[in-house]
Structure formats: structure tokens, C-alpha cells
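Structure data (compact mmCIF, C-alpha atoms) from data.txt:
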```
# COMPACT_ATOMS: atom_id res chain seq x y z
CA MET A 1 82.11 -0.74 65.91
CA GLU A 2 82.76 1.99 68.50
CA ILE A 3 84.93 4.95 67.54
CA ASN A 4 87.60 6.43 69.75
CA LYS A 5 87.89 9.91 68.24
CA ASN A 6 87.15 13.27 69.84
CA GLN A 7 85.60 13.46 73.30
CA LEU A 8 82.10 14.92 73.39
CA GLU A 9 81.86 18.47 74.62
CA ARG A 10 79.96 18.46 77.91
CA LEU A 11 77.98 21.61 78.55
CA SER A 12 77.78 21.19 82.33
CA PRO A 13 80.54 22.84 84.41
CA PRO A 14 82.24 20.72 87.11
CA GLY A 15 80.45 20.47 90.45
CA PRO A 16 78.86 18.00 92.88
CA SER A 17 78.38 14.56 91.39
CA ILE A 18 75.71 11.88 91.32
CA THR A 19 77.48 8.93 92.91
CA CYS A 20 78.12 5.95 90.63
CA ARG A 21 79.55 2.57 91.61
CA PRO A 22 80.85 -0.48 89.70
CA LEU A 23 78.42 -3.21 88.73
CA LYS A 24 78.51 -5.95 91.38
CA GLN A 25 78.00 -8.71 88.83
CA SER A 26 79.58 -8.21 85.44
CA PRO A 27 77.26 -9.56 82.71
CA GLY A 28 80.13 -9.85 80.24
CA PRO A 29 83.43 -8.38 79.08
CA ALA A 30 81.77 -5.05 78.24
CA ALA A 31 80.78 -4.45 81.88
CA ALA A 32 82.85 -1.88 83.70
CA VAL A 33 82.83 0.95 86.21
CA CYS A 34 79.97 3.42 85.99
CA GLN A 35 80.55 6.81 84.45
CA HIS A 36 81.16 9.72 86.81
CA LEU A 37 78.39 12.28 86.31
CA GLU A 38 78.93 15.91 87.19
CA CYS A 39 76.01 18.07 88.32
CA PRO A 40 76.32 21.85 87.94
CA ASN A 41 74.18 22.72 90.97
CA ALA A 42 74.56 21.14 94.43
CA ASN A 43 70.90 21.74 95.32
CA LEU A 44 69.55 20.30 92.04
CA PRO A 45 70.92 16.77 91.44
CA LEU A 46 70.13 16.86 87.75
CA MET A 47 72.26 17.04 84.59
CA LEU A 48 71.41 17.78 80.95
CA VAL A 49 73.82 17.08 78.11
CA TRP A 50 73.03 18.23 74.57
CA GLU A 51 74.97 16.35 71.92
CA ALA A 52 75.32 16.93 68.18
CA THR A 53 78.38 15.07 66.95
CA ARG A 54 79.66 12.37 64.62
CA TYR A 55 82.36 11.05 66.96
CA ILE A 56 81.44 9.14 70.10
CA PRO A 57 83.97 8.01 72.73
CA PRO A 58 83.71 4.41 73.98
CA ILE A 59 80.95 4.27 76.59
CA GLN A 60 81.34 1.45 79.08
CA TYR A 61 78.50 -0.61 80.52
CA HIS A 62 77.54 1.18 83.73
CA TYR A 63 74.68 2.13 86.05
CA HIS A 64 73.56 4.90 88.42
CA PRO A 65 72.48 3.68 91.89
CA SER A 66 69.95 6.45 92.61
CA ALA A 67 69.54 8.26 89.30
CA PHE A 68 67.34 7.65 86.28
CA GLU A 69 68.34 8.57 82.73
CA ILE A 70 66.19 9.69 79.77
CA HIS A 71 67.51 10.02 76.22
CA ILE A 72 65.50 12.14 73.80
CA VAL A 73 66.93 11.36 70.37
CA ARG A 74 66.41 13.51 67.29
CA ARG A 75 68.85 11.70 65.00
CA ASP A 76 71.05 8.60 65.19
CA SER A 77 71.59 5.01 64.07
CA GLY A 78 72.83 2.28 66.38
CA LYS A 79 71.73 0.24 69.38
CA TYR A 80 71.28 0.75 73.10
CA ARG A 81 71.76 -1.98 75.67
CA ILE A 82 69.68 -1.83 78.87
CA GLY A 83 70.33 -4.83 81.10
CA ASN A 84 70.17 -7.87 78.84
CA ARG A 85 67.99 -6.14 76.26
CA ILE A 86 69.03 -4.46 73.03
CA TYR A 87 66.94 -1.68 71.48
CA PRO A 88 67.33 0.02 68.09
CA PHE A 89 68.61 3.57 68.63
CA GLN A 90 67.13 5.90 66.01
CA GLY A 91 65.63 9.33 65.47
CA TYR A 92 62.41 10.54 67.15
CA LEU A 93 62.87 8.23 70.11
CA ALA A 94 62.94 8.31 73.91
CA LEU A 95 64.85 5.76 75.99
CA VAL A 96 64.23 5.44 79.73
CA VAL A 97 66.86 3.86 82.01
CA GLN A 98 65.76 3.14 85.58
CA PRO A 99 68.09 3.48 88.62
CA ASN A 100 70.41 0.50 89.17
CA MET A 101 69.89 -0.69 85.59
CA GLY A 102 73.09 -1.36 83.65
CA HIS A 103 73.17 0.34 80.26
CA ARG A 104 75.45 1.10 77.36
CA TYR A 105 75.26 3.00 74.07
CA ILE A 106 76.49 1.13 70.96
CA HIS A 107 77.00 3.81 68.30
CA ARG A 108 76.93 3.13 64.57
CA ALA A 109 80.28 4.29 63.17
CA GLY A 110 80.14 7.38 61.00
CA GLN A 111 76.57 8.38 61.86
CA TRP A 112 75.49 11.64 63.48
CA LEU A 113 74.18 11.65 67.04
CA ASN A 114 71.75 14.45 67.93
CA GLN A 115 70.10 14.03 71.32
CA VAL A 116 69.65 15.37 74.83
CA THR A 117 70.40 13.15 77.82
CA LEU A 118 68.71 13.95 81.13
CA THR A 119 70.12 12.31 84.26
CA ALA A 120 68.39 13.07 87.58
CA ASP A 121 68.40 11.73 91.10
CA GLN A 122 65.14 9.96 91.93
CA SER A 123 64.82 12.03 95.12
CA LEU A 124 63.63 14.94 92.95
CA LEU A 125 60.37 13.04 92.41
CA SER A 126 59.96 11.91 96.01
CA GLY A 127 56.29 11.87 97.07
CA ARG A 128 54.98 12.83 93.64
CA LYS A 129 52.75 10.85 91.31
CA ALA A 130 55.53 10.87 88.72
CA GLU A 131 57.73 8.79 91.07
CA ALA A 132 55.41 5.78 90.65
CA LEU A 133 54.86 6.49 86.94
CA LEU A 134 58.60 6.54 86.24
CA GLY A 135 58.99 2.90 87.26
CA LYS A 136 56.21 1.87 84.85
CA LEU A 137 57.51 3.71 81.77
CA PRO A 138 58.53 1.57 78.77
CA GLU A 139 62.26 1.59 78.09
CA TRP A 140 61.79 2.37 74.35
CA ILE A 141 59.21 4.94 73.18
CA LYS A 142 58.73 6.16 69.61
CA LEU A 143 57.94 9.89 69.46
CA THR A 144 56.01 12.08 67.06
CA SER A 145 57.56 15.35 65.88
CA ALA A 146 55.30 17.34 68.23
CA GLU A 147 56.19 15.14 71.22
CA LEU A 148 59.91 15.42 70.49
CA ASN A 149 59.74 19.21 70.27
CA THR A 150 57.71 19.46 73.49
CA LEU A 151 60.13 17.22 75.40
CA GLU A 152 63.11 19.23 74.17
CA MET A 153 61.34 22.43 75.28
CA ARG A 154 60.86 20.95 78.77
CA CYS A 155 64.57 20.11 78.86
CA ARG A 156 65.46 23.69 77.90
CA MET A 157 63.33 24.95 80.78
CA LEU A 158 65.09 22.56 83.17
CA GLU A 159 68.44 23.75 81.84
CA HIS A 160 67.44 27.36 82.51
CA GLU A 161 66.57 26.59 86.14
CA ILE A 162 69.93 24.86 86.62
CA ALA A 163 71.85 27.76 85.09
CA HIS A 164 69.81 30.50 86.85
CA PRO A 165 68.68 29.05 90.20
CA SER A 166 66.32 30.85 92.55
CA ALA A 167 64.43 30.05 95.75
CA ILE A 168 61.66 28.33 93.77
CA SER A 169 63.96 26.44 91.37
CA PRO A 170 63.61 23.05 93.17
CA ASP A 171 59.82 23.24 92.81
CA MET A 172 60.10 24.38 89.19
CA VAL A 173 62.44 21.47 88.41
CA ARG A 174 60.13 18.95 90.05
CA ASN A 175 57.13 20.29 88.11
CA GLU A 176 58.97 20.16 84.78
CA LEU A 177 60.26 16.64 85.47
CA GLU A 178 56.74 15.51 86.35
CA ASN A 179 55.33 17.03 83.15
CA LEU A 180 58.06 15.36 81.13
CA ILE A 181 57.26 11.96 82.63
CA PHE A 182 53.53 12.43 82.00
CA LEU A 183 54.32 13.16 78.33
CA LEU A 184 56.46 10.02 78.10
CA GLN A 185 53.71 7.95 79.73
CA LYS A 186 51.19 9.12 77.12
CA ALA A 187 53.56 8.45 74.21
CA GLY A 188 54.55 5.07 75.68
CA GLU A 189 50.95 3.89 75.87
CA ALA A 190 50.69 4.34 72.10
CA ARG A 191 54.15 3.49 70.78
CA ALA A 192 56.30 1.32 73.05
CA ALA A 193 58.49 -1.44 71.55
CA GLU A 194 59.83 -4.85 72.51
CA PRO A 195 63.62 -5.25 72.73
CA VAL A 196 65.87 -7.81 71.12
CA SER A 197 65.90 -10.31 73.98
CA ASP A 198 66.97 -13.61 72.38
CA SER A 199 70.43 -14.33 73.83
CA ARG A 200 71.46 -16.09 70.61
CA ILE A 201 70.60 -13.02 68.53
CA LEU A 202 72.58 -10.81 70.93
CA LYS A 203 75.58 -13.10 70.45
CA VAL A 204 75.20 -12.92 66.67
CA LEU A 205 75.01 -9.10 66.80
CA ASP A 206 78.25 -9.05 68.80
CA PHE A 207 79.82 -11.58 66.41
CA ILE A 208 78.96 -9.43 63.36
CA GLU A 209 80.27 -6.22 64.96
CA GLU A 210 83.55 -7.90 65.88
CA ASN A 211 84.01 -9.65 62.52
CA TYR A 212 82.23 -7.51 59.89
CA ASP A 213 85.58 -6.88 58.16
CA LYS A 214 86.13 -10.60 57.62
CA LYS A 215 84.59 -12.96 55.07
CA ILE A 216 81.91 -14.39 57.34
CA ASN A 217 78.70 -16.16 56.36
CA ILE A 218 75.45 -17.22 57.95
CA GLY A 219 76.70 -20.79 58.37
CA GLN A 220 79.50 -19.58 60.65
CA MET A 221 77.08 -17.45 62.66
CA ALA A 222 74.59 -20.30 62.99
CA GLY A 223 77.36 -22.62 64.17
CA PHE A 224 78.48 -19.98 66.67
CA VAL A 225 75.09 -20.13 68.43
CA SER A 226 74.32 -23.81 67.63
CA ILE A 227 71.16 -23.39 65.55
CA SER A 228 70.34 -23.99 61.88
CA PRO A 229 71.02 -21.20 59.34
CA ASP A 230 67.33 -21.05 58.35
CA HIS A 231 66.18 -20.71 61.95
CA LEU A 232 68.81 -18.04 62.63
CA SER A 233 67.72 -16.04 59.55
CA HIS A 234 64.09 -16.15 60.66
CA ARG A 235 64.81 -15.22 64.29
CA PHE A 236 67.27 -12.47 63.40
CA LYS A 237 64.83 -10.64 61.12
CA GLN A 238 62.00 -11.16 63.60
CA GLN A 239 64.05 -9.65 66.42
CA THR A 240 65.92 -6.84 64.62
CA GLY A 241 63.66 -5.97 61.68
CA VAL A 242 66.42 -6.50 59.09
CA SER A 243 68.06 -9.54 57.51
CA ILE A 244 71.52 -10.70 58.57
CA LYS A 245 72.87 -9.80 55.14
CA HIS A 246 71.58 -6.23 55.36
CA TYR A 247 72.81 -5.79 58.93
CA LEU A 248 76.30 -6.99 57.95
CA LEU A 249 76.31 -4.66 54.94
CA GLN A 250 75.20 -1.72 57.11
CA CYS A 251 78.14 -2.34 59.46
CA ARG A 252 80.58 -2.49 56.56
CA ILE A 253 79.22 0.59 54.80
CA ALA A 254 79.24 2.59 58.05
CA ALA A 255 82.91 1.65 58.57
CA ALA A 256 83.67 2.52 54.92
CA LYS A 257 82.10 5.98 55.31
CA LEU A 258 84.22 6.69 58.36
CA SER A 259 87.43 5.62 56.57
CA LEU A 260 86.63 7.69 53.50
CA GLU A 261 85.99 10.74 55.69
CA SER A 262 89.14 10.41 57.80
CA GLU A 263 91.73 8.76 55.51
CA ARG A 264 92.24 10.87 52.42
CA ASP A 265 94.75 8.56 50.72
CA VAL A 266 93.12 5.19 51.35
CA LYS A 267 92.68 3.29 48.07
CA ILE A 268 89.07 2.27 47.53
CA ALA A 269 90.07 -1.18 46.26
CA VAL A 270 92.13 -1.76 49.41
CA LEU A 271 89.29 -0.52 51.61
CA ALA A 272 86.84 -2.89 49.91
CA GLU A 273 89.15 -5.83 50.59
CA GLN A 274 89.70 -4.76 54.20
CA LEU A 275 85.94 -4.72 54.76
CA GLY A 276 85.39 -8.24 53.46
CA PHE A 277 84.10 -7.51 49.95
CA SER A 278 85.17 -10.09 47.38
CA GLU A 279 85.15 -7.59 44.48
CA LEU A 280 85.56 -3.85 44.10
CA SER A 281 82.49 -3.68 41.83
CA LEU A 282 80.38 -5.33 44.56
CA PHE A 283 81.61 -2.80 47.12
CA ASN A 284 80.78 0.09 44.78
CA ARG A 285 77.26 -1.24 44.13
CA CYS A 286 76.52 -1.85 47.81
CA PHE A 287 77.90 1.53 48.88
CA LYS A 288 75.84 3.37 46.28
CA ARG A 289 72.70 1.44 47.28
CA TYR A 290 72.99 2.61 50.90
CA VAL A 291 74.57 6.07 50.47
CA ASN A 292 73.23 7.08 47.01
CA VAL A 293 76.71 7.99 45.70
CA THR A 294 79.85 5.99 44.88
CA PRO A 295 82.69 5.72 47.44
CA ALA A 296 84.88 8.05 45.34
CA ALA A 297 82.12 10.66 45.14
CA TYR A 298 81.42 10.34 48.86
CA ARG A 299 85.07 11.03 49.67
CA ARG A 300 85.11 14.13 47.43
CA ILE A 301 81.92 15.43 49.07
CA SER A 302 83.25 14.75 52.59
CA TYR A 303 86.49 16.59 52.00
CA LYS A 304 84.76 19.49 50.29
CA HIS A 305 82.45 19.92 53.31
CA SER A 306 85.30 19.57 55.79
CA GLY A 307 87.30 22.30 54.06
CA ILE A 308 90.27 20.03 53.34
```
Could you show the structure in this file as C-alpha cells?
Amino acid sequence: MEINKNQLERLSPPGPSITCRPLKQSPGPAAAVCQHLECPNANLPLMLVWEATRYIPPIQYHYHPSAFEIHIVRRDSGKYRIGNRIYPFQGYLALVVQPNMGHRYIHRAGQWLNQVTLTADQSLLSGRKAEALLGKLPEWIKLTSAELNTLEMRCRMLEHEIAHPSAISPDMVRNELENLIFLLQKAGEARAAEPVSDSRILKVLDFIEENYDKKINIGQMAGFVSISPDHLSHRFKQQTGVSIKHYLLQCRIAAAKLSLESERDVKIAVLAEQLGFSELSLFNRCFKRYVNVTPAAYRRISYKHSGI
């Protein structure tokens, strides 16, 4: 389900890096070498990346030995893997990734991503109360509108100190980081969430994402993880919040939207067949249910907005 389109524009200029190493034990085929993170200021081992894009490059499973990572998400739809846990990735959300914790973003094709990612070396919090609080933060925190705006404001202040450093910038950065962690602690006490942790459900999620364009059914998925279809249906909805049928349809519709946006001449009947729909009328009904317009109308709107 990942898209290999345009690379994200990184706002940080090249400079000293936060060291990243390969995972010692690969938890699966998705595991790979950690991303190389560039920091714009040698004296402030901290990076902020603001993203507002529809196209996400493949992001490999990786970790940062001494750095923590915080995602403050305004808009998106997808999943985020932290260790062996899967969290829903959605708007008005904060995700906290501790040092040495493998993680990976699993983007929903065709959806917008609007977030800021803060990556900082843990040494910036050395000796402060926030250092102990960081390790106790939930990984998934739902945010209110006011909390989201305040956290983004803190990130803008951090960005200013990186871009315009002074003698007191290290202290300013530490204070802002501490305030940010205190805000996350407060929000996390009220609205933390449990991840999808059932290994069988994780396997089914992977199975659907790899085979959504085929004519698959719940019996095949249940056989894949050696449980009954009824038990799988119950566990899947309990763990993900949606039924298997709706999750499969969401994957197919997301892929359809991307094709309609990028392939002007694709025939809708052919696209429906490629995505595993038995009938064109069924594809049209499902697409309109999720997107509020027909596939043909969606393509016209997309090309009108793109200027083509």
C-alpha cells in the first residue's frame, strides 16, 4: 500500500547527523537500516520536519539509538508500527517513539499527510524532570484542537531557535522540549490508546495490504492465521475498530483514488476489475459511499484541481 512517488521536501539543510544504526535483530522482511537524520545545528541535536503532502516515499523499519521521535499529526489516514505494535494514524494525534525502538510509517495510499515530526537526542533532556517523564509517555495520544495548536506553536519556537541560534539557545530548546513533554503527559493521562497487538491480526492486516487487489475472502484470511472466520471477525473489529470488509474496501478505494488521480486514461471498468470488484456497479456504489462522488466525477474533479 506504500507509494513510491515524489520525495518529501525536507526543510532542514544538511549538517551534523544523529547517528543511526541497523536493527540487530530483524523482526521481519520490512526491517532494514535506520534512516539517516540530518541536524541543521551541530550544537543542537534536534530536527523538525513539517510535511504537507499526498505522496510518501517508502519508509523502512528503523530506529534511532539515542534519539526520541514525536509526531504531531493534523491530518492523515494509515497506521504506524512501533516495535510489534500497530497504531491507527489519524488527525489530531501525537505518537511518541522512544530511543532504540524500531518504528515504521504505513501510509494510506492517496491520503494527505499533514504533520510535524520532531527528532531529538535524549541528551537535551539530561538531568531534567522531562527525561524521566519521556520514558513514561504513552505511544499514542489523542489531542484536542487546543492541544494540537499549542504543540505546533512549541515546535515553531524550537524551529526558530535552530534557525537563529544564540548563546542561550540550548537552554531555550531544553525549556521548550520540557514544556512540550509536560503537555503530552497531560493529554496522555486523559486520552491514551491501546495498540493492535494480536500477532494474528497483524498478519491479517499485512495479508490484506498485499492482496487487496485480489478476490480474497474472510475464509482465506482465517485459514492464513489458523482460526475460525467468526473468531477472526470478532478479534479484527475489536483490535482495529472496523470490520474486515470495511478495511478491505478502504484499501481498495484508496488505491482507486490514487489511480484516478494519476492515470488519466485508465478505464473505470478495468480499474474495478484490477481492484478485485466483481462488478462495475458494485465498485461505483462502494466508491460513492466512501468518497461521496462517483469514480468518473472524482477523476474530473482531480484533474480540474491539478490544472490538467
Per residue of segment 175-232 of chain A within 12 Å of segment 68-72 of chain A, record the nearest atom pair and its distance in Å to one decimal, counting only C-alpha atoms, with rows in chain order and ascending residue number, as JSON lines.
```
{"residue": "A:Leu177", "atom": "CA", "partner": "A:Ile70", "partner_atom": "CA", "distance": 10.8}
{"residue": "A:Leu180", "atom": "CA", "partner": "A:Ile70", "partner_atom": "CA", "distance": 10.0}
{"residue": "A:Ile181", "atom": "CA", "partner": "A:Ile70", "partner_atom": "CA", "distance": 9.6}
{"residue": "A:Leu184", "atom": "CA", "partner": "A:Ile70", "partner_atom": "CA", "distance": 9.9}
```
field: Top pick for closest residue to Asp213 of chain A, considering A:Gln250, A:Thr119, A:Asn114, A:Gln98 and counting only C-alpha atoms
entry: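 Using only C-alpha atoms, the shortest distance to Asp213 of chain A belongs to A:Gln250.
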- prompt: From the set A:Ser278, A:Asp76, A:Leu124, A:Leu205, which residue has the shortest atom-to-atom contact distance to Pro170 of chain A, counting only C-alpha atoms?
  reply: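 The closest residue to Pro170 of chain A is A:Leu124.
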message: Which residues are close to segment 283-285 of chain A, i.e. within 6 Å by only C-alpha atoms, leaving aside same-chain residues fewer than 3 positions away? Reply as a PyMOL selection string.
response: chain A and resi 272+280+288+294
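Shell of Leu143 of chain A at 7 Å, with all atoms listed in the file counted and residues fewer than 6 places along the chain excluded, is A:Tyr92, A:Leu93, A:Ala94, A:Ala187.
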- prompt: From the set A:Arg74, A:His246, A:Lys142, A:His164, which residue has the shortest atom-to-atom contact distance to Ala190 of chain A, counting all atoms listed in the file?
  reply: A:Lys142
Between atom CA of Leu158 of chain A and atom CA of Asn175 of chain A, distance in Å (one decimal): 9.6 Å
